[in-house]
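Participant: Structure supplied as entry-v3.pdb; contents: PDB, C-alpha atoms.
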ATOM      1  CA  MET R1100     186.855 212.366 260.602
ATOM      2  CA  GLY R1101     189.565 214.591 262.027
ATOM      3  CA  PRO R1102     189.886 218.347 261.390
ATOM      4  CA  VAL R1103     191.067 219.492 257.987
ATOM      5  CA  SER R1104     194.560 220.960 258.085
ATOM      6  CA  THR R1105     195.126 224.583 257.196
ATOM      7  CA  ALA R1106     197.195 223.590 254.168
ATOM      8  CA  ALA R1107     194.507 221.200 252.928
ATOM      9  CA  ALA R1108     191.764 223.785 253.383
ATOM     10  CA  TRP R1109     193.822 226.354 251.526
ATOM     11  CA  CYS R1110     194.297 224.032 248.548
ATOM     12  CA  THR R1111     190.560 223.290 248.282
ATOM     13  CA  ALA R1112     188.772 225.358 245.644
ATOM     14  CA  PRO R1113     186.017 227.575 247.096
ATOM     15  CA  LEU R1114     182.379 226.990 246.254
ATOM     16  CA  ARG R1115     181.327 229.248 243.394
ATOM     17  CA  GLU R1116     177.917 230.857 242.903
ATOM     18  CA  ARG R1117     178.029 230.200 239.162
ATOM     19  CA  SER R1118     179.391 227.247 237.231
ATOM     20  CA  SER R1119     182.540 227.374 235.126
ATOM     21  CA  SER R1120     180.367 227.578 231.983
ATOM     22  CA  ASN R1121     179.578 231.175 233.018
ATOM     23  CA  TRP R1122     183.062 232.312 233.983
ATOM     24  CA  GLU R1123     184.100 233.706 230.601
ATOM     25  CA  GLU R1124     180.837 235.608 230.178
ATOM     26  CA  ASP R1125     181.096 236.905 233.743
ATOM     27  CA  VAL R1126     184.641 238.261 233.367
ATOM     28  CA  LEU R1127     183.651 240.075 230.161
ATOM     29  CA  TRP R1128     180.660 241.570 231.979
ATOM     30  CA  HIS R1129     182.934 242.507 234.879
ATOM     31  CA  ARG R1130     185.330 244.398 232.620
ATOM     32  CA  ARG R1131     182.516 246.238 230.828
ATOM     33  CA  MET R1132     180.695 247.058 234.070
ATOM     34  CA  TYR R1133     183.748 248.608 235.783
ATOM     35  CA  GLY R1134     185.441 250.176 232.771
ATOM     36  CA  GLN R1135     188.009 247.354 232.950
ATOM     37  CA  SER R1136     188.607 246.791 236.671
ATOM     38  CA  HIS R1137     186.935 247.149 240.044
ATOM     39  CA  PHE R1138     190.251 248.049 241.712
ATOM     40  CA  ARG R1139     191.561 251.402 240.476
ATOM     41  CA  TRP R1140     194.807 253.162 241.289
ATOM     42  CA  VAL R1141     196.506 256.436 240.418
ATOM     43  CA  THR R1142     200.033 257.846 240.453
ATOM     44  CA  GLU R1143     199.658 259.096 244.029
ATOM     45  CA  ASP R1144     198.941 255.548 245.246
ATOM     46  CA  VAL R1145     202.181 254.285 243.721
ATOM     47  CA  LEU R1146     204.240 257.103 245.217
ATOM     48  CA  SER R1147     202.623 256.474 248.601
ATOM     49  CA  ILE R1148     203.733 252.831 248.489
ATOM     50  CA  ALA R1149     207.259 253.759 247.434
ATOM     51  CA  THR R1150     207.676 256.363 250.184
ATOM     52  CA  ARG R1151     206.239 253.976 252.754
ATOM     53  CA  TYR R1152     209.149 251.652 252.023
ATOM     54  CA  THR R1153     211.696 254.480 252.084
ATOM     55  CA  ARG R1154     210.176 255.694 255.364
ATOM     56  CA  GLY R1155     209.219 258.991 253.816
ATOM     57  CA  ARG R1156     212.610 259.816 252.312
ATOM     58  CA  LEU R1157     212.364 261.511 248.912
ATOM     59  CA  GLU R1158     215.993 262.536 248.285
ATOM     60  CA  PHE R1159     218.961 260.184 248.028
ATOM     61  CA  SER R1160     222.565 261.332 247.794
ATOM     62  CA  THR R1161     224.946 258.996 249.654
ATOM     63  CA  PRO R1162     226.268 255.420 249.341
ATOM     64  CA  ALA R1163     224.343 254.596 252.529
ATOM     65  CA  HIS R1164     221.146 255.739 250.817
ATOM     66  CA  LEU R1165     221.987 253.452 247.898
ATOM     67  CA  SER R1166     222.372 250.461 250.201
ATOM     68  CA  ASN R1167     219.116 251.258 251.992
ATOM     69  CA  LEU R1168     217.252 251.681 248.712
ATOM     70  CA  ASP R1169     218.095 248.161 247.616
ATOM     71  CA  VAL R1170     217.087 246.723 250.997
ATOM     72  CA  GLN R1171     213.751 248.507 250.673
ATOM     73  CA  LEU R1172     213.423 247.410 247.055
ATOM     74  CA  LEU R1173     213.963 243.777 248.048
ATOM     75  CA  SER R1174     211.281 244.056 250.726
ATOM     76  CA  LEU R1175     208.798 245.564 248.282
ATOM     77  CA  LEU R1176     209.565 242.868 245.705
ATOM     78  CA  GLY R1177     208.762 240.218 248.321
ATOM     79  CA  HIS R1178     205.425 241.857 249.073
ATOM     80  CA  ALA R1179     204.579 242.105 245.373
ATOM     81  CA  ASP R1180     205.515 238.466 244.879
ATOM     82  CA  GLN R1181     202.927 237.419 247.462
ATOM     83  CA  ILE R1182     200.260 239.182 245.394
ATOM     84  CA  ARG R1183     201.504 237.445 242.258
ATOM     85  CA  LEU R1184     201.476 234.028 243.923
ATOM     86  CA  ALA R1185     197.943 234.650 245.232
ATOM     87  CA  MET R1186     196.886 234.046 241.614
ATOM     88  CA  ALA R1187     198.078 230.439 241.772
ATOM     89  CA  ALA R1188     194.956 228.990 243.427
ATOM     90  CA  PRO R1189     192.435 230.582 241.020
ATOM     91  CA  LEU R1190     194.717 229.687 238.100
ATOM     92  CA  ARG R1191     194.583 226.055 239.141
ATOM     93  CA  GLU R1192     190.790 226.315 239.217
ATOM     94  CA  VAL R1193     190.771 227.633 235.657
ATOM     95  CA  ARG R1194     193.138 224.890 234.511
ATOM     96  CA  ASP R1195     191.067 222.176 236.180
ATOM     97  CA  ALA R1196     187.799 223.524 234.767
ATOM     98  CA  TYR R1197     188.945 224.165 231.185
ATOM     99  CA  GLY R1198     191.702 221.622 230.681
ATOM    100  CA  ARG R1199     193.455 222.193 227.361
ATOM    101  CA  ARG R1200     191.069 225.089 226.645
ATOM    102  CA  TRP R1201     192.346 227.203 229.508
ATOM    103  CA  GLY R1202     194.461 229.294 227.132
ATOM    104  CA  SER R1203     191.322 230.794 225.561
ATOM    105  CA  ALA R1204     189.993 231.756 229.001
ATOM    106  CA  LEU R1205     193.342 233.269 229.994
ATOM    107  CA  LYS R1206     193.251 235.532 226.938
ATOM    108  CA  LEU R1207     190.226 237.286 228.459
ATOM    109  CA  ILE R1208     192.430 238.471 231.325
ATOM    110  CA  ASN R1209     195.464 239.218 229.130
ATOM    111  CA  MET R1210     197.554 236.353 230.483
ATOM    112  CA  THR R1211     199.554 233.783 228.552
ATOM    113  CA  GLU R1212     199.669 230.091 229.391
ATOM    114  CA  LEU R1213     203.404 230.422 230.056
ATOM    115  CA  ASP R1214     202.863 233.205 232.602
ATOM    116  CA  ALA R1215     200.131 231.146 234.252
ATOM    117  CA  ARG R1216     202.342 228.068 234.477
ATOM    118  CA  VAL R1217     205.224 230.052 235.961
ATOM    119  CA  ILE R1218     202.944 231.343 238.723
ATOM    120  CA  THR R1219     201.467 227.932 239.557
ATOM    121  CA  TRP R1220     204.895 226.295 239.516
ATOM    122  CA  SER R1221     206.348 229.032 241.725
ATOM    123  CA  ALA R1222     203.607 228.482 244.310
ATOM    124  CA  ILE R1223     204.304 224.761 244.725
ATOM    125  CA  GLY R1224     205.327 224.018 248.303
ATOM    126  CA  THR R1225     204.311 227.423 249.654
ATOM    127  CA  THR R1226     202.067 228.018 252.643
ATOM    128  CA  PRO R1227     199.060 230.401 252.791
ATOM    129  CA  ASP R1228     201.019 233.119 254.595
ATOM    130  CA  GLN R1229     203.644 233.043 251.829
ATOM    131  CA  VAL R1230     201.163 233.766 249.037
ATOM    132  CA  THR R1231     198.680 236.156 250.622
ATOM    133  CA  ASN R1232     198.774 239.558 252.264
ATOM    134  CA  SER R1233     196.333 242.345 253.073
ATOM    135  CA  ASP R1234     196.710 243.889 249.621
ATOM    136  CA  ALA R1235     195.824 240.637 247.861
ATOM    137  CA  GLY R1236     192.710 240.456 250.028
ATOM    138  CA  ARG R1237     191.887 244.090 249.309
ATOM    139  CA  ALA R1238     191.979 243.464 245.562
ATOM    140  CA  LEU R1239     189.299 240.782 245.881
ATOM    141  CA  ARG R1240     187.025 242.563 248.339
ATOM    142  CA  GLY R1241     183.587 243.537 247.014
ATOM    143  CA  ILE R1242     183.731 241.738 243.657
ATOM    144  CA  PRO R1243     180.214 240.690 242.592
ATOM    145  CA  LEU R1244     179.865 237.095 241.372
ATOM    146  CA  PRO R1245     183.556 236.321 241.948
ATOM    147  CA  ASN R1246     185.089 233.570 239.866
ATOM    148  CA  PRO R1247     188.724 232.601 239.270
ATOM    149  CA  LEU R1248     189.045 234.737 236.141
ATOM    150  CA  THR R1249     187.783 237.936 237.760
ATOM    151  CA  GLU R1250     189.919 237.257 240.838
ATOM    152  CA  ILE R1251     193.072 236.850 238.750
ATOM    153  CA  TRP R1252     192.193 239.991 236.782
ATOM    154  CA  GLU R1253     191.777 242.083 239.932
ATOM    155  CA  LEU R1254     194.913 240.659 241.530
ATOM    156  CA  ARG R1255     196.796 241.672 238.394
ATOM    157  CA  GLN R1256     195.666 245.268 238.903
ATOM    158  CA  MET R1257     196.943 245.245 242.483
ATOM    159  CA  LEU R1258     200.196 243.638 241.363
ATOM    160  CA  ALA R1259     200.654 246.259 238.633
ATOM    161  CA  MET R1260     200.356 249.027 241.229
ATOM    162  CA  HIS R1261     203.065 247.452 243.372
ATOM    163  CA  GLN R1262     205.250 246.745 240.355
ATOM    164  CA  ALA R1263     204.970 250.430 239.482
ATOM    165  CA  ALA R1264     206.228 251.229 242.999
ATOM    166  CA  VAL R1265     209.118 248.805 242.443
ATOM    167  CA  ASP R1266     209.960 250.739 239.278
ATOM    168  CA  VAL R1267     209.984 254.005 241.233
ATOM    169  CA  LEU R1268     212.531 252.619 243.703
ATOM    170  CA  GLU R1269     214.581 251.123 240.878
ATOM    171  CA  ASP R1270     214.628 254.521 239.140
ATOM    172  CA  ALA R1271     215.869 256.133 242.339
ATOM    173  CA  SER R1272     218.593 253.486 242.784
ATOM    174  CA  CYS R1273     219.889 253.782 239.236
ATOM    175  CA  ASP R1274     219.752 257.575 239.284
ATOM    176  CA  LEU R1275     221.828 257.571 242.461
ATOM    177  CA  VAL R1276     224.350 255.120 241.005
ATOM    178  CA  LEU R1277     224.953 257.460 238.076
ATOM    179  CA  GLU R1278     225.242 260.465 240.398
ATOM    180  CA  LEU R1279     227.803 258.729 242.625
ATOM    181  CA  THR R1280     229.841 256.935 239.948
ATOM    182  CA  PRO R1281     232.015 259.914 238.854
ATOM    183  CA  SER R1282     233.342 260.406 242.395
ATOM    184  CA  ARG R1283     233.118 256.872 243.776
ATOM    185  CA  GLY R1284     233.367 254.486 240.830
ATOM    186  CA  LEU R1285     231.221 251.421 240.171
ATOM    187  CA  GLY R1286     233.653 249.118 241.990
ATOM    188  CA  PRO R1287     232.963 250.436 245.518
ATOM    189  CA  LEU R1288     229.273 251.018 244.807
ATOM    190  CA  ALA R1289     228.393 247.579 243.436
ATOM    191  CA  PRO R1290     228.760 245.656 246.752
ATOM    192  CA  LEU R1291     226.254 248.080 248.315
ATOM    193  CA  THR R1292     223.577 246.961 245.860
ATOM    194  CA  LEU R1293     221.748 243.793 244.891
ATOM    195  CA  SER R1294     223.913 243.644 241.767
ATOM    196  CA  ARG R1295     227.145 243.003 243.721
ATOM    197  CA  THR R1296     229.597 243.305 240.800
ATOM    198  CA  PRO R1297     230.428 246.390 238.680
ATOM    199  CA  ALA R1298     229.493 244.575 235.453
ATOM    200  CA  GLN R1299     226.097 243.520 236.807
ATOM    201  CA  LEU R1300     225.429 246.989 238.192
ATOM    202  CA  ALA R1301     226.316 248.620 234.863
ATOM    203  CA  MET R1302     223.977 246.184 233.069
ATOM    204  CA  ARG R1303     221.210 246.966 235.542
ATOM    205  CA  VAL R1304     221.548 250.731 235.082
ATOM    206  CA  ASN R1305     221.675 250.414 231.290
ATOM    207  CA  GLU R1306     218.539 248.289 231.299
ATOM    208  CA  GLN R1307     216.737 250.774 233.530
ATOM    209  CA  ARG R1308     217.686 253.661 231.266
ATOM    210  CA  GLU R1309     216.538 251.756 228.187
ATOM    211  CA  LEU R1310     213.158 250.905 229.714
ATOM    212  CA  ARG R1311     212.488 254.027 231.805
ATOM    213  CA  GLY R1312     214.705 256.799 230.489
ATOM    214  CA  GLU R1313     216.207 259.749 232.338
ATOM    215  CA  PRO R1314     214.452 261.637 235.173
ATOM    216  CA  GLY R1315     211.447 263.429 233.706
ATOM    217  CA  ASP R1316     210.839 260.798 231.021
ATOM    218  CA  PRO R1317     207.048 260.255 230.579
ATOM    219  CA  ARG R1318     207.612 256.516 230.873
ATOM    220  CA  ARG R1319     208.334 257.048 234.553
ATOM    221  CA  ILE R1320     204.832 258.333 235.292
ATOM    222  CA  PRO R1321     202.900 255.469 236.927
ATOM    223  CA  GLU R1322     199.467 254.868 235.467
ATOM    224  CA  GLN R1323     197.056 251.971 235.359
ATOM    225  CA  THR R1324     196.816 250.416 231.912
ATOM    226  CA  TYR R1325     194.995 247.368 230.583
TER     227      TYR R1325
END
Let me see the file written as structure tokens.

Facilitator:
Amino acid sequence: MGPVSTAAAWCTAPLRERSSSNWEEDVLWHRRMYGQSHFRWVTEDVLSIATRYTRGRLEFSTPAHLSNLDVQLLSLLGHADQIRLAMAAPLREVRDAYGRRWGSALKLINMTELDARVITWSAIGTTPDQVTNSDAGRALRGIPLPNPLTEIWELRQMLAMHQAAVDVLEDASCDLVLELTPSRGLGPLAPLTLSRTPAQLAMRVNEQRELRGEPGDPRRIPEQTY
């Protein structure tokens, strides 16, 4: 028999120490043992990620800064998406093991069947390098008795940290748009952003304000929640 291809090996479920009949009990034990999750993060971690993408810049005041912010935001979103798609393989394991009952198992990790399906569908046709990165690996390192449910749970904690960093960059972008609009107007600013049109940019800023508020709003403070 010839060598197994990288893609085939990646799609093969790993051997598990405990059978699927123990997975639900194990993830409940895992959450109790670690006070919810093994991987923990704080506000400083989120700010460190955000400033890594802005190359240390903390103040933004020009249209060029606005353009750079959205480039950096797009890069960070791509990195976060790899962490999200890393859940696809363990999600398929859960689906194969539980069949129609997988919804009850997903509830233990606060995930809906729709969210799970979106992730598995999104990962179709991807290669290992497109759905894994060092942060996804870091989230899974050191987990005792790993099973698909605990792996998804820990990956969700890592993803939440990176999503919080995305929010920080989005706050900075929208704040800068509002600072520049009186002198520049939305028309010239929109092509510098991912939004491209004034109407889309206005909608984006309004949505950010509704969800995150003005600078200083407590909703902007990144914190790990479960």

Participant: Which is closer to R:Ile1223 than all the others in R:Ala1187, R:Ile1208, R:Val1145, R:Leu1244, using only C-alpha atoms?

Facilitator: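 The closest residue to R:Ile1223 is R:Ala1187.
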
Participant: Nearest to R:His1164 among R:Ala1235, R:Val1267, R:Ile1148, R:Leu1279, with distances taken over only C-alpha atoms: which residue is it?

Facilitator: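 Using only C-alpha atoms, R:His1164 sits closest to R:Leu1279.
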
Participant: So which one's closest to R:Leu1175, R:Met1302, R:Val1126, R:Leu1213, R:Ala1264? Using all atoms listed in the file, please.

Facilitator: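 Closest candidate: R:Ala1264.
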
Participant: So how many Å separate atom CA of R:Val1304 and atom CA of R:Leu1176, to one decimal?

Facilitator: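 Answer for the atom CA of R:Val1304 to atom CA of R:Leu1176 separation: 17.8 Å.
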
Participant: How far is it from atom CA of R:Ser1294 to atom CA of R:Ser1166, in Å with one decimal?

Facilitator: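 Calculated distance between atom CA of R:Ser1294 and atom CA of R:Ser1166 is 11.0 Å.
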
Participant: Which residue gives the smallest distance to R:Ser1203 among R:Trp1122, R:Glu1322, R:Glu1313, R:Arg1117, with all atoms listed in the file counted?

Facilitator: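 Of all the options, R:Trp1122 lies closest to R:Ser1203.
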
Participant: R:Arg1130: which residues within 12 Å, counting only C-alpha atoms, same-chain residues fewer than 5 positions away excluded, as a compact mmCIF listing (two decimals) with C-alpha atoms, in the coordinates of the input?

Facilitator:
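Wrote it out as result-v2.txt, contents follow:
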# COMPACT_ATOMS: atom_id res chain seq x y z
CA GLU R 1123 184.10 233.71 230.60
CA GLU R 1124 180.84 235.61 230.18
CA ASP R 1125 181.10 236.90 233.74
CA GLN R 1135 188.01 247.35 232.95
CA SER R 1136 188.61 246.79 236.67
CA HIS R 1137 186.94 247.15 240.04
CA PHE R 1138 190.25 248.05 241.71
CA LEU R 1207 190.23 237.29 228.46
CA ILE R 1208 192.43 238.47 231.32
CA ASN R 1209 195.46 239.22 229.13
CA ILE R 1242 183.73 241.74 243.66
CA PRO R 1243 180.21 240.69 242.59
CA LEU R 1248 189.04 234.74 236.14
CA THR R 1249 187.78 237.94 237.76
CA GLU R 1250 189.92 237.26 240.84
CA TRP R 1252 192.19 239.99 236.78
CA GLU R 1253 191.78 242.08 239.93
CA TYR R 1325 195.00 247.37 230.58

Participant: So how far away is atom CA of R:Thr1161 from atom CA of R:Ser1282, in Å?

Facilitator: 11.2 Å

Participant: Out of R:Asp1195, R:Asp1180, R:Glu1212, R:Asp1169, which residue has the shortest atom-to-atom distance to R:Asp1228 when counting all atoms listed in the file?

Facilitator: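 Under the stated criterion, the closest residue is R:Asp1180.
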
Participant: Out of R:Leu1165, R:Leu1173, R:Cys1273, R:Val1230, which residue has the shortest atom-to-atom distance to R:Met1186 when counting all atoms listed in the file?

Facilitator: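 Closest to R:Met1186 of all the choices is R:Val1230.
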
Participant: Mind listing as a PyMOL selection string all residues within 12 Å of (189.2, 228.1, 236.8), counting only C-alpha atoms?

Facilitator: chain R and resi 1112-1115+1117-1123+1126+1186-1205+1215+1245-1251

Participant: Selected by the PyMOL selection byres ((chain R and resi 1140) around 9) in the shown coordinates: which residues, as a short mmCIF file (atom, residue, chain, number, x, y, z; two decimals) with C-alpha atoms, keeping the file's coordinate frame?

Facilitator:
data_model
loop_
_atom_site.label_atom_id
_atom_site.label_comp_id
_atom_site.auth_asym_id
_atom_site.auth_seq_id
_atom_site.Cartn_x
_atom_site.Cartn_y
_atom_site.Cartn_z
CA PHE R 1138 190.25 248.05 241.71
CA ARG R 1139 191.56 251.40 240.48
CA VAL R 1141 196.51 256.44 240.42
CA THR R 1142 200.03 257.85 240.45
CA GLU R 1143 199.66 259.10 244.03
CA ASP R 1144 198.94 255.55 245.25
CA VAL R 1145 202.18 254.28 243.72
CA GLN R 1256 195.67 245.27 238.90
CA MET R 1257 196.94 245.24 242.48
CA MET R 1260 200.36 249.03 241.23
CA GLU R 1322 199.47 254.87 235.47
CA GLN R 1323 197.06 251.97 235.36
#

Participant: Can you list, as a short mmCIF file (atom, residue, chain, number, x, y, z; two decimals) with C-alpha atoms, in the coordinates of the input, the residues that the PyMOL selection byres ((chain R and resi 1231-1233) around 12) selects here?

Facilitator:
data_model
loop_
_atom_site.label_atom_id
_atom_site.label_comp_id
_atom_site.auth_asym_id
_atom_site.auth_seq_id
_atom_site.Cartn_x
_atom_site.Cartn_y
_atom_site.Cartn_z
CA TRP R 1109 193.82 226.35 251.53
CA GLY R 1177 208.76 240.22 248.32
CA HIS R 1178 205.42 241.86 249.07
CA ALA R 1179 204.58 242.10 245.37
CA ASP R 1180 205.52 238.47 244.88
CA GLN R 1181 202.93 237.42 247.46
CA ILE R 1182 200.26 239.18 245.39
CA ARG R 1183 201.50 237.44 242.26
CA LEU R 1184 201.48 234.03 243.92
CA ALA R 1185 197.94 234.65 245.23
CA MET R 1186 196.89 234.05 241.61
CA ALA R 1187 198.08 230.44 241.77
CA ALA R 1188 194.96 228.99 243.43
CA ALA R 1222 203.61 228.48 244.31
CA THR R 1225 204.31 227.42 249.65
CA THR R 1226 202.07 228.02 252.64
CA PRO R 1227 199.06 230.40 252.79
CA ASP R 1228 201.02 233.12 254.60
CA GLN R 1229 203.64 233.04 251.83
CA VAL R 1230 201.16 233.77 249.04
CA ASP R 1234 196.71 243.89 249.62
CA ALA R 1235 195.82 240.64 247.86
CA GLY R 1236 192.71 240.46 250.03
CA ARG R 1237 191.89 244.09 249.31
CA ALA R 1238 191.98 243.46 245.56
CA LEU R 1239 189.30 240.78 245.88
CA ARG R 1240 187.02 242.56 248.34
CA LEU R 1254 194.91 240.66 241.53
CA MET R 1257 196.94 245.24 242.48
CA LEU R 1258 200.20 243.64 241.36
#

Participant: For R:Asp1270, find every residue with an atom within 9 Å (counting only C-alpha atoms), except residues of its own chain fewer than 2 positions away, and show them as an MDAnalysis selection string.

Facilitator: chainID R and resid 1265:1268 1272:1275 1304 1307:1308 1311:1314 1319

Participant: Specify as an MDAnalysis selection string each residue included when the PyMOL selection byres ((chain R and resi 1286) around 12) is applied to this file.

Facilitator: chainID R and resid 1276 1279:1285 1287:1292 1294:1301
